[in-house]
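Note: the block below is input.tsv and it holds TSV, C-alpha atoms and all ligand atoms.
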chain	number	residue	atom	x	y	z
A	1	MET	CA	94.46	103.70	183.54
A	2	VAL	CA	92.72	100.99	185.52
A	3	ARG	CA	92.62	101.19	189.25
A	4	GLY	CA	95.47	99.47	191.05
A	5	MET	CA	93.29	96.76	192.55
A	6	PHE	CA	92.17	95.64	189.09
A	7	LYS	CA	95.74	95.19	187.85
A	8	SER	CA	96.22	92.00	189.88
A	9	ARG	CA	94.68	88.73	188.77
A	10	THR	CA	92.83	87.99	192.00
A	11	LEU	CA	89.60	88.92	190.23
A	12	ARG	CA	88.59	87.32	187.01
A	13	ARG	CA	87.73	89.42	184.00
A	14	VAL	CA	84.43	89.18	182.16
A	15	PHE	CA	83.39	91.05	179.03
A	16	ARG	CA	79.82	92.21	179.26
A	17	LYS	CA	77.71	93.97	176.68
A	18	THR	CA	76.14	97.18	177.86
A	19	PRO	CA	72.60	98.18	176.86
A	20	GLY	CA	74.21	100.76	174.55
A	21	GLY	CA	75.96	97.99	172.61
A	22	ARG	CA	79.50	98.64	173.86
A	23	ASN	CA	81.69	95.87	175.28
A	24	THR	CA	83.05	96.67	178.71
A	25	LEU	CA	85.35	94.85	181.09
A	26	THR	CA	83.87	93.87	184.42
A	27	TYR	CA	85.55	92.11	187.30
A	28	ARG	CA	84.14	89.12	189.15
A	29	LYS	CA	85.30	87.04	192.07
A	30	ARG	CA	86.82	83.68	191.19
A	31	LYS	CA	84.99	80.42	191.78
A	32	PRO	CA	86.44	78.00	194.34
A	33	LYS	CA	88.39	74.93	193.26
A	34	ASN	CA	86.66	71.71	192.28
A	35	HIS	CA	85.79	69.31	195.07
A	36	VAL	CA	87.94	66.19	194.90
A	37	CYS	CA	87.82	62.69	196.31
A	38	SER	CA	89.74	62.56	199.58
A	39	GLU	CA	91.43	59.29	198.63
A	40	CYS	CA	92.20	59.37	194.90
A	41	LYS	CA	91.95	63.17	194.38
A	42	LYS	CA	89.65	62.78	191.39
A	43	VAL	CA	87.21	65.60	190.63
A	44	LEU	CA	83.84	64.81	192.22
A	45	PRO	CA	80.96	65.01	189.78
A	46	GLY	CA	77.65	66.01	191.33
A	47	VAL	CA	79.17	68.63	193.63
A	48	PRO	CA	78.60	72.11	192.21
A	49	ARG	CA	81.45	74.61	192.08
A	50	GLU	CA	79.93	77.74	193.49
A	51	ARG	CA	80.69	80.50	196.00
A	52	PRO	CA	79.26	79.96	199.48
A	53	TYR	CA	76.38	82.43	199.07
A	54	LYS	CA	75.19	80.46	196.05
A	55	MET	CA	75.64	77.11	197.82
A	56	MET	CA	73.42	78.36	200.64
A	57	THR	CA	70.54	78.84	198.21
A	58	LEU	CA	70.84	75.31	196.78
A	59	ALA	CA	68.88	72.36	198.14
A	60	LYS	CA	70.79	69.77	200.14
A	61	THR	CA	70.21	67.13	197.47
A	62	HIS	CA	71.74	69.41	194.82
A	63	LYS	CA	75.02	69.74	196.73
A	64	ARG	CA	76.20	66.12	196.90
A	65	PRO	CA	75.23	62.60	195.76
A	66	GLU	CA	72.77	60.90	198.10
A	67	ARG	CA	74.88	57.93	199.16
A	68	PRO	CA	77.13	57.19	202.13
A	69	TYR	CA	80.36	59.22	201.74
A	70	GLY	CA	78.57	61.29	199.06
A	71	GLY	CA	80.49	64.50	198.38
A	72	VAL	CA	83.59	63.14	200.18
A	73	LEU	CA	84.61	60.01	198.29
A	74	CYS	CA	84.12	59.18	194.63
A	75	SER	CA	81.81	56.26	193.83
A	76	SER	CA	84.57	53.72	193.24
A	77	CYS	CA	86.42	54.63	196.46
A	78	SER	CA	83.19	54.48	198.50
A	79	ARG	CA	82.50	50.99	197.11
A	80	GLU	CA	86.00	49.90	198.08
A	81	LYS	CA	85.54	51.34	201.56
A	82	ILE	CA	82.22	49.53	202.14
A	83	ARG	CA	83.73	46.29	200.83
A	84	LYS	CA	86.61	46.53	203.30
A	85	GLN	CA	84.21	47.22	206.18
A	86	VAL	CA	82.10	44.18	205.26
A	87	ARG	CA	84.95	41.74	204.79
A	88	THR	CA	86.67	42.43	208.09
B	1	MET	CA	76.40	30.11	192.19
B	2	ILE	CA	77.23	32.75	194.75
B	3	PHE	CA	74.06	34.72	194.10
B	4	GLU	CA	71.40	32.14	194.88
B	5	VAL	CA	67.97	32.80	196.36
B	6	GLY	CA	68.37	33.57	200.07
B	7	ARG	CA	71.95	34.89	199.92
B	8	VAL	CA	72.53	37.81	202.27
B	9	CYS	CA	74.43	40.67	200.62
B	10	VAL	CA	75.50	44.24	201.24
B	11	LYS	CA	74.64	46.85	198.67
B	12	LEU	CA	77.60	48.88	197.44
B	13	ALA	CA	76.15	51.48	195.11
B	14	GLY	CA	73.42	54.06	195.30
B	15	ARG	CA	71.55	55.56	198.21
B	16	ASP	CA	71.04	52.15	199.83
B	17	ALA	CA	74.81	51.51	199.86
B	18	GLY	CA	76.04	49.80	203.03
B	19	GLN	CA	72.63	48.23	203.77
B	20	ARG	CA	72.03	44.50	204.06
B	21	CYS	CA	69.66	42.71	201.71
B	22	VAL	CA	68.66	39.23	200.48
B	23	VAL	CA	68.46	37.87	196.98
B	24	VAL	CA	64.79	37.05	196.43
B	25	ASP	CA	64.73	36.15	192.75
B	26	LEU	CA	67.10	35.61	189.86
B	27	LEU	CA	66.40	37.69	186.78
B	28	GLU	CA	68.53	38.10	183.65
B	29	ASP	CA	72.24	37.23	183.45
B	30	ASN	CA	73.68	39.65	185.99
B	31	TYR	CA	70.50	40.91	187.62
B	32	VAL	CA	68.73	39.77	190.79
B	33	LEU	CA	65.71	40.91	192.79
B	34	ILE	CA	66.70	42.05	196.28
B	35	ASP	CA	64.76	42.95	199.42
B	36	GLY	CA	65.55	43.72	203.05
B	37	LEU	CA	66.84	46.93	204.58
B	38	THR	CA	67.11	48.28	201.06
B	39	ARG	CA	64.18	48.98	198.81
B	40	ARG	CA	62.76	45.92	197.00
B	41	ARG	CA	64.30	46.37	193.58
B	42	LYS	CA	66.17	44.87	190.68
B	43	CYS	CA	69.92	45.06	191.18
B	44	ASN	CA	73.11	44.38	189.24
B	45	VAL	CA	75.27	41.67	190.77
B	46	HIS	CA	78.30	43.97	190.52
B	47	HIS	CA	76.60	46.33	192.98
B	48	LEU	CA	76.36	43.61	195.65
B	49	GLU	CA	78.91	42.18	198.07
B	50	PRO	CA	77.86	38.63	199.11
B	51	LEU	CA	78.11	37.59	202.76
B	52	GLY	CA	78.50	34.11	204.24
B	53	GLU	CA	74.91	33.70	205.44
B	54	VAL	CA	72.15	32.06	203.41
B	55	ILE	CA	68.49	32.28	204.48
B	56	LYS	CA	65.89	29.67	203.55
B	57	LEU	CA	63.54	31.57	201.28
B	58	LYS	CA	61.14	30.67	198.51
B	59	LYS	CA	61.77	32.14	195.11
B	60	GLY	CA	59.97	35.48	194.90
B	61	ALA	CA	59.25	35.65	198.65
B	62	SER	CA	57.21	38.62	199.86
B	63	HIS	CA	58.55	41.49	201.92
B	64	SER	CA	56.85	40.22	205.11
B	65	ASP	CA	58.58	36.81	204.75
B	66	VAL	CA	61.93	38.53	204.33
B	67	SER	CA	61.37	40.72	207.40
B	68	LYS	CA	60.50	37.61	209.50
B	69	GLU	CA	63.71	35.88	208.41
B	70	PHE	CA	65.73	39.03	209.06
B	71	LYS	CA	64.39	39.17	212.63
B	72	LYS	CA	65.88	35.71	213.26
B	73	LEU	CA	69.25	37.13	212.20
B	74	GLY	CA	68.75	39.99	214.63
B	75	ILE	CA	68.02	42.64	212.04
B	76	ASP	CA	64.87	44.68	212.43
B	77	ILE	CA	63.45	46.14	209.25
B	78	PRO	CA	61.72	49.37	210.18
B	79	LYS	CA	58.20	49.56	208.82
B	80	LYS	CA	57.54	52.15	206.18
B	81	VAL	CA	56.03	55.19	207.80
B	82	LYS	CA	53.38	56.63	205.56
B	83	ALA	CA	53.61	60.33	205.13
B	84	LYS	CA	51.05	62.11	207.22
B	85	LYS	CA	48.26	63.75	205.32
B	86	ALA	CA	48.37	67.47	205.61
B	87	GLY	CA	45.62	68.61	207.97
B	88	GLU	CA	43.23	71.35	207.11
B	89	ARG	CA	44.86	74.68	207.11
B	90	PRO	CA	43.56	77.23	209.59
B	91	LYS	CA	41.26	79.47	207.67
B	92	LYS	CA	41.65	83.16	208.07
B	93	VAL	CA	38.52	84.54	209.67
B	94	ARG	CA	37.83	88.12	208.92
B	95	LYS	CA	36.98	90.49	211.72
B	96	VAL	CA	33.34	90.73	212.70
B	97	LYS	CA	33.32	94.44	212.03
B	98	VAL	CA	33.22	93.81	208.29
B	99	LYS	CA	29.78	92.18	208.29
B	100	PRO	CA	27.69	95.20	209.36
B	101	ALA	CA	29.65	97.31	206.88
B	102	LYS	CA	28.51	94.99	204.07
B	103	GLU	CA	24.87	95.30	205.12
B	104	GLU	CA	25.20	99.06	205.09
B	105	VAL	CA	26.52	98.92	201.58
B	106	LYS	CA	23.54	96.81	200.52
B	107	LYS	CA	21.15	99.32	202.06
B	108	LYS	CA	22.92	102.19	200.40
B	109	LYS	CA	22.74	100.70	196.93
B	110	PRO	CA	18.96	100.83	196.57
B	111	LYS	CA	19.07	104.32	197.98
B	112	LYS	CA	21.44	105.37	195.25
B	113	GLU	CA	19.27	103.71	192.64
B	114	SER	CA	16.22	105.43	193.96
B	115	ILE	CA	18.06	108.74	193.88
B	116	ILE	CA	19.15	108.07	190.32
B	117	ALA	CA	15.63	107.02	189.35
B	118	THR	CA	14.15	110.18	190.75
B	119	ALA	CA	16.84	112.25	189.07
B	120	LYS	CA	16.14	110.50	185.77
B	121	LYS	CA	12.46	111.22	186.08
B	122	GLU	CA	13.20	114.86	186.72
B	123	LEU	CA	15.56	114.93	183.75
B	124	GLU	CA	12.98	113.33	181.49
B	125	LYS	CA	10.46	115.93	182.55
B	126	LYS	CA	12.95	118.70	181.82
B	127	VAL	CA	13.91	117.16	178.49
B	128	ALA	CA	10.30	116.77	177.51
B	129	SER	CA	9.68	120.39	178.31
B	130	VAL	CA	12.88	121.56	176.59
B	131	THR	CA	12.87	119.37	173.47
B	132	ALA	CA	9.62	120.66	172.12
B	133	PRO	CA	10.80	124.26	171.75
B	134	LYS	CA	14.29	123.13	170.67
B	135	GLU	CA	12.91	121.23	167.72
B	136	GLU	CA	11.14	124.32	166.63
B	137	VAL	CA	14.42	126.21	166.87
B	138	LYS	CA	16.22	123.60	164.80
B	139	LYS	CA	13.56	123.75	162.15
B	140	LYS	CA	13.97	127.44	162.05
B	141	VAL	CA	17.78	127.15	161.79
B	142	SER	CA	18.01	124.38	159.21
B	143	PRO	CA	16.36	126.13	156.30
B	144	LYS	CA	18.54	129.18	156.81
B	145	LYS	CA	21.74	127.10	156.41
B	146	LYS	CA	20.46	125.51	153.26
B	147	THR	CA	19.75	128.85	151.78
B	148	SER	CA	23.22	130.11	152.64
B	149	LYS	CA	24.90	127.16	150.99
B	150	LYS	CA	22.90	127.60	147.82
A	201	ZN	ZN	88.24	58.29	194.86
For the structure just supplied, provide its representation as structure tokens.
Amino acid sequence: MVRGMFKSRTLRRVFRKTPGGRNTLTYRKRKPKNHVCSECKKVLPGVPRERPYKMMTLAKTHKRPERPYGGVLCSSCSREKIRKQVRT
Amino acid sequence: MIFEVGRVCVKLAGRDAGQRCVVVDLLEDNYVLIDGLTRRRKCNVHHLEPLGEVIKLKKGASHSDVSKEFKKLGIDIPKKVKAKKAGERPKKVRKVKVKPAKEEVKKKKPKKESIIATAKKELEKKVASVTAPKEEVKKKVSPKKKTSKK
């Protein structure tokens, strides 16, 4: 029987091939949710979906688009926001 | 035409988004040349938000002209700061103690060679003395073997 902690679905299951050729079940931590636009809740492209230890190793320019509101708003929402600021 | 030469705009897309710029030249249908707080570059009209102001500019005006006109509006364009050239790296200087050690090694080498040379000479002398009788021995041995085989 598997250990009790592996019965729950908090960890995700991955089949890995051992050097001997057998397939074994291993358990990994789940990735965080996708980053979404704070206004329209669309998934933000250009923001990687990784655990914090992996994000720490990435360069700053790999973590969000290099524009104002990059990584917070999607491109269309950021355009709208700048337009509103300019017109008022 | 909203997008005429000299129209002040705000860029909406890309890394220069939110920065003010001026239309310097008209290119193809929807494209214009812009300059100002943004980089001097070709830009789609859909990525620009036109403002009310219009500057008097010649078609294809240079960056210095644009910066002069922007100063009148009260906008200072910061000059491009050229990246500093990397200075010479501090070279690692080895400790002074190493130098005399090297000289010693140089002195030792000829000594070794001389020792080897003398040893070789001695060997040659020995060989010369030994080979002569050995050859005689071999001559003595070789005919015996032949006889045994036959
Ligand atoms: Zn959005």
List all protein, DNA and RNA residues that have an atom no more than 9 Å from any atom of ligand ZN 201 (chain A), counting all atoms listed in the file, and report them as a count of residues only. 16
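The smallest atom-to-atom distance between chain B and any of A:Lys81, A:Arg67, A:Arg16, A:Arg87, using all atoms listed in the file, is found for A:Arg67.
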Could you tell me which residues of chain A sit within 7 Å of chain B when counting only C-alpha atoms, and give me the result as a list of chain:residue names? A:Glu66, A:Arg67, A:Pro68, A:Arg79, A:Ile82, A:Arg83
So which residues touch Gly52 in chain B within 8 Å, counting only C-alpha atoms, skipping near sequence neighbours fewer than 2 positions away, as a ChimeraX atom specification? /B:7-8,50,54
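The residue set within 8 Å of Arg28 in chain A, counting all atoms listed in the file and dropping same-chain residues fewer than 3 places from it, reads A:Leu11, A:Arg12, A:Arg13, A:Val14.
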Kindly export the residues of the current selection with C-alpha atoms, as a PDB file, keeping the file's coordinate frame.
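What follows is the written file out_28.pdb:
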ATOM      1  CA  LEU A  11      89.600  88.920 190.230  1.00  0.00           C
ATOM      2  CA  ARG A  12      88.590  87.320 187.010  1.00  0.00           C
ATOM      3  CA  ARG A  13      87.730  89.420 184.000  1.00  0.00           C
ATOM      4  CA  VAL A  14      84.430  89.180 182.160  1.00  0.00           C
TER       5      VAL A  14
END
Selection near Tyr31 in chain B, 6 Å with all atoms listed in the file, sequence-local residues under 5 positions removed, as a PDB file with C-alpha atoms, keeping the file's coordinate frame:
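Output (result.pdb):
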ATOM      1  CA  CYS B  43      69.920  45.060 191.180  1.00  0.00           C
ATOM      2  CA  ASN B  44      73.110  44.380 189.240  1.00  0.00           C
ATOM      3  CA  VAL B  45      75.270  41.670 190.770  1.00  0.00           C
TER       4      VAL B  45
END
Show which residues sit within 12 Å of Lys79 in chain B, as a compact mmCIF listing (two decimals) with C-alpha atoms, keeping the file's coordinate frame. Count all atoms listed in the file, and ignore same-chain residues fewer than 4 positions away.
# COMPACT_ATOMS: atom_id res chain seq x y z
CA GLY B 36 65.55 43.72 203.05
CA LEU B 37 66.84 46.93 204.58
CA THR B 38 67.11 48.28 201.06
CA ARG B 39 64.18 48.98 198.81
CA HIS B 63 58.55 41.49 201.92
CA SER B 64 56.85 40.22 205.11
CA SER B 67 61.37 40.72 207.40
Counting all atoms listed in the file, the residue of B:Glu113, B:Glu88, B:Asp25, B:Glu122 that sits nearest Phe3 in chain B: B:Asp25
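Taking CA of Lys59 in chain B and CA of Val5 in chain B as endpoints, the distance between them is 6.4 Å.
Taking CA of Leu73 in chain B and CA of Glu53 in chain B as the two end points, the separation is 9.5 Å.
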Find the residues near Phe15 in chain A: any atom within 9 Å, counting all atoms listed in the file, skip ones fewer than 3 places away on the same chain, and give them as a ChimeraX atom specification. /A:23-27
Phe6 in chain A proximity check over A:Lys84, A:Arg51, A:Lys29, A:Arg22, using all atoms listed in the file: winner is A:Lys29
With all heavy atoms as the goal, would you fill in the gaps in range 15-26 of chain A and present it as an mmCIF file, in the frame of the given file?
data_model
loop_
_atom_site.group_PDB
_atom_site.id
_atom_site.type_symbol
_atom_site.label_atom_id
_atom_site.label_comp_id
_atom_site.auth_asym_id
_atom_site.auth_seq_id
_atom_site.Cartn_x
_atom_site.Cartn_y
_atom_site.Cartn_z
ATOM 1 N N PHE A 15 83.891 90.047 179.960
ATOM 2 C CA PHE A 15 83.390 91.050 179.030
ATOM 3 C C PHE A 15 81.876 91.010 179.044
ATOM 4 O O PHE A 15 81.268 89.940 178.877
ATOM 5 C CB PHE A 15 83.894 90.788 177.612
ATOM 6 C CG PHE A 15 85.320 91.201 177.419
ATOM 7 C CD1 PHE A 15 86.337 90.273 177.447
ATOM 8 C CD2 PHE A 15 85.624 92.542 177.228
ATOM 9 C CE1 PHE A 15 87.647 90.663 177.281
ATOM 10 C CE2 PHE A 15 86.941 92.942 177.054
ATOM 11 C CZ PHE A 15 87.955 92.002 177.096
ATOM 12 N N ARG A 16 81.270 92.155 179.260
ATOM 13 C CA ARG A 16 79.820 92.210 179.260
ATOM 14 C C ARG A 16 79.371 93.262 178.251
ATOM 15 O O ARG A 16 80.040 94.273 178.048
ATOM 16 C CB ARG A 16 79.289 92.599 180.648
ATOM 17 C CG ARG A 16 79.762 91.689 181.752
ATOM 18 C CD ARG A 16 78.607 91.059 182.460
ATOM 19 N NE ARG A 16 77.997 89.999 181.657
ATOM 20 C CZ ARG A 16 76.807 89.490 181.913
ATOM 21 N NH1 ARG A 16 76.099 89.957 182.908
ATOM 22 N NH2 ARG A 16 76.311 88.528 181.178
ATOM 23 N N LYS A 17 78.244 93.023 177.646
ATOM 24 C CA LYS A 17 77.710 93.970 176.680
ATOM 25 C C LYS A 17 76.775 94.931 177.401
ATOM 26 O O LYS A 17 75.864 94.484 178.122
ATOM 27 C CB LYS A 17 76.951 93.226 175.584
ATOM 28 C CG LYS A 17 76.979 93.948 174.262
ATOM 29 C CD LYS A 17 76.742 92.981 173.117
ATOM 30 C CE LYS A 17 77.279 93.568 171.831
ATOM 31 N NZ LYS A 17 77.168 92.638 170.726
ATOM 32 N N THR A 18 77.010 96.190 177.208
ATOM 33 C CA THR A 18 76.140 97.180 177.860
ATOM 34 C C THR A 18 74.862 97.334 177.044
ATOM 35 O O THR A 18 74.821 96.949 175.870
ATOM 36 C CB THR A 18 76.835 98.546 177.932
ATOM 37 O OG1 THR A 18 77.174 98.947 176.609
ATOM 38 C CG2 THR A 18 78.084 98.478 178.777
ATOM 39 N N PRO A 19 73.837 97.922 177.620
ATOM 40 C CA PRO A 19 72.600 98.180 176.860
ATOM 41 C C PRO A 19 72.848 99.054 175.647
ATOM 42 O O PRO A 19 72.130 98.979 174.658
ATOM 43 C CB PRO A 19 71.700 98.878 177.879
ATOM 44 C CG PRO A 19 72.265 98.577 179.205
ATOM 45 C CD PRO A 19 73.702 98.248 179.049
ATOM 46 N N GLY A 20 73.893 99.902 175.694
ATOM 47 C CA GLY A 20 74.210 100.760 174.550
ATOM 48 C C GLY A 20 74.929 100.031 173.436
ATOM 49 O O GLY A 20 75.178 100.604 172.386
ATOM 50 N N GLY A 21 75.315 98.763 173.658
ATOM 51 C CA GLY A 21 75.960 97.990 172.610
ATOM 52 C C GLY A 21 77.466 97.931 172.731
ATOM 53 O O GLY A 21 78.119 97.257 171.964
ATOM 54 N N ARG A 22 78.045 98.664 173.693
ATOM 55 C CA ARG A 22 79.500 98.640 173.860
ATOM 56 C C ARG A 22 79.902 97.398 174.647
ATOM 57 O O ARG A 22 79.115 96.844 175.406
ATOM 58 C CB ARG A 22 79.958 99.879 174.635
ATOM 59 C CG ARG A 22 79.982 101.148 173.805
ATOM 60 C CD ARG A 22 80.661 102.272 174.584
ATOM 61 N NE ARG A 22 80.038 102.466 175.893
ATOM 62 C CZ ARG A 22 80.723 102.407 177.037
ATOM 63 N NH1 ARG A 22 82.010 102.144 177.028
ATOM 64 N NH2 ARG A 22 80.112 102.615 178.179
ATOM 65 N N ASN A 23 81.142 96.949 174.450
ATOM 66 C CA ASN A 23 81.690 95.870 175.280
ATOM 67 C C ASN A 23 82.526 96.502 176.371
ATOM 68 O O ASN A 23 83.403 97.326 176.081
ATOM 69 C CB ASN A 23 82.565 94.947 174.432
ATOM 70 C CG ASN A 23 81.751 93.822 173.844
ATOM 71 O OD1 ASN A 23 80.730 93.442 174.397
ATOM 72 N ND2 ASN A 23 82.198 93.308 172.718
ATOM 73 N N THR A 24 82.259 96.136 177.610
ATOM 74 C CA THR A 24 83.050 96.670 178.710
ATOM 75 C C THR A 24 83.625 95.532 179.536
ATOM 76 O O THR A 24 83.090 94.428 179.544
ATOM 77 C CB THR A 24 82.198 97.554 179.646
ATOM 78 O OG1 THR A 24 81.089 96.799 180.091
ATOM 79 C CG2 THR A 24 81.750 98.806 178.959
ATOM 80 N N LEU A 25 84.703 95.841 180.214
ATOM 81 C CA LEU A 25 85.350 94.850 181.090
ATOM 82 C C LEU A 25 84.742 94.984 182.475
ATOM 83 O O LEU A 25 84.638 96.087 183.006
ATOM 84 C CB LEU A 25 86.839 95.148 181.156
ATOM 85 C CG LEU A 25 87.840 94.069 180.790
ATOM 86 C CD1 LEU A 25 89.212 94.463 181.291
ATOM 87 C CD2 LEU A 25 87.439 92.735 181.330
ATOM 88 N N THR A 26 84.301 93.868 183.026
ATOM 89 C CA THR A 26 83.870 93.870 184.420
ATOM 90 C C THR A 26 84.707 92.857 185.178
ATOM 91 O O THR A 26 85.310 91.978 184.570
ATOM 92 C CB THR A 26 82.377 93.518 184.558
ATOM 93 O OG1 THR A 26 82.155 92.258 183.951
ATOM 94 C CG2 THR A 26 81.515 94.565 183.922
#
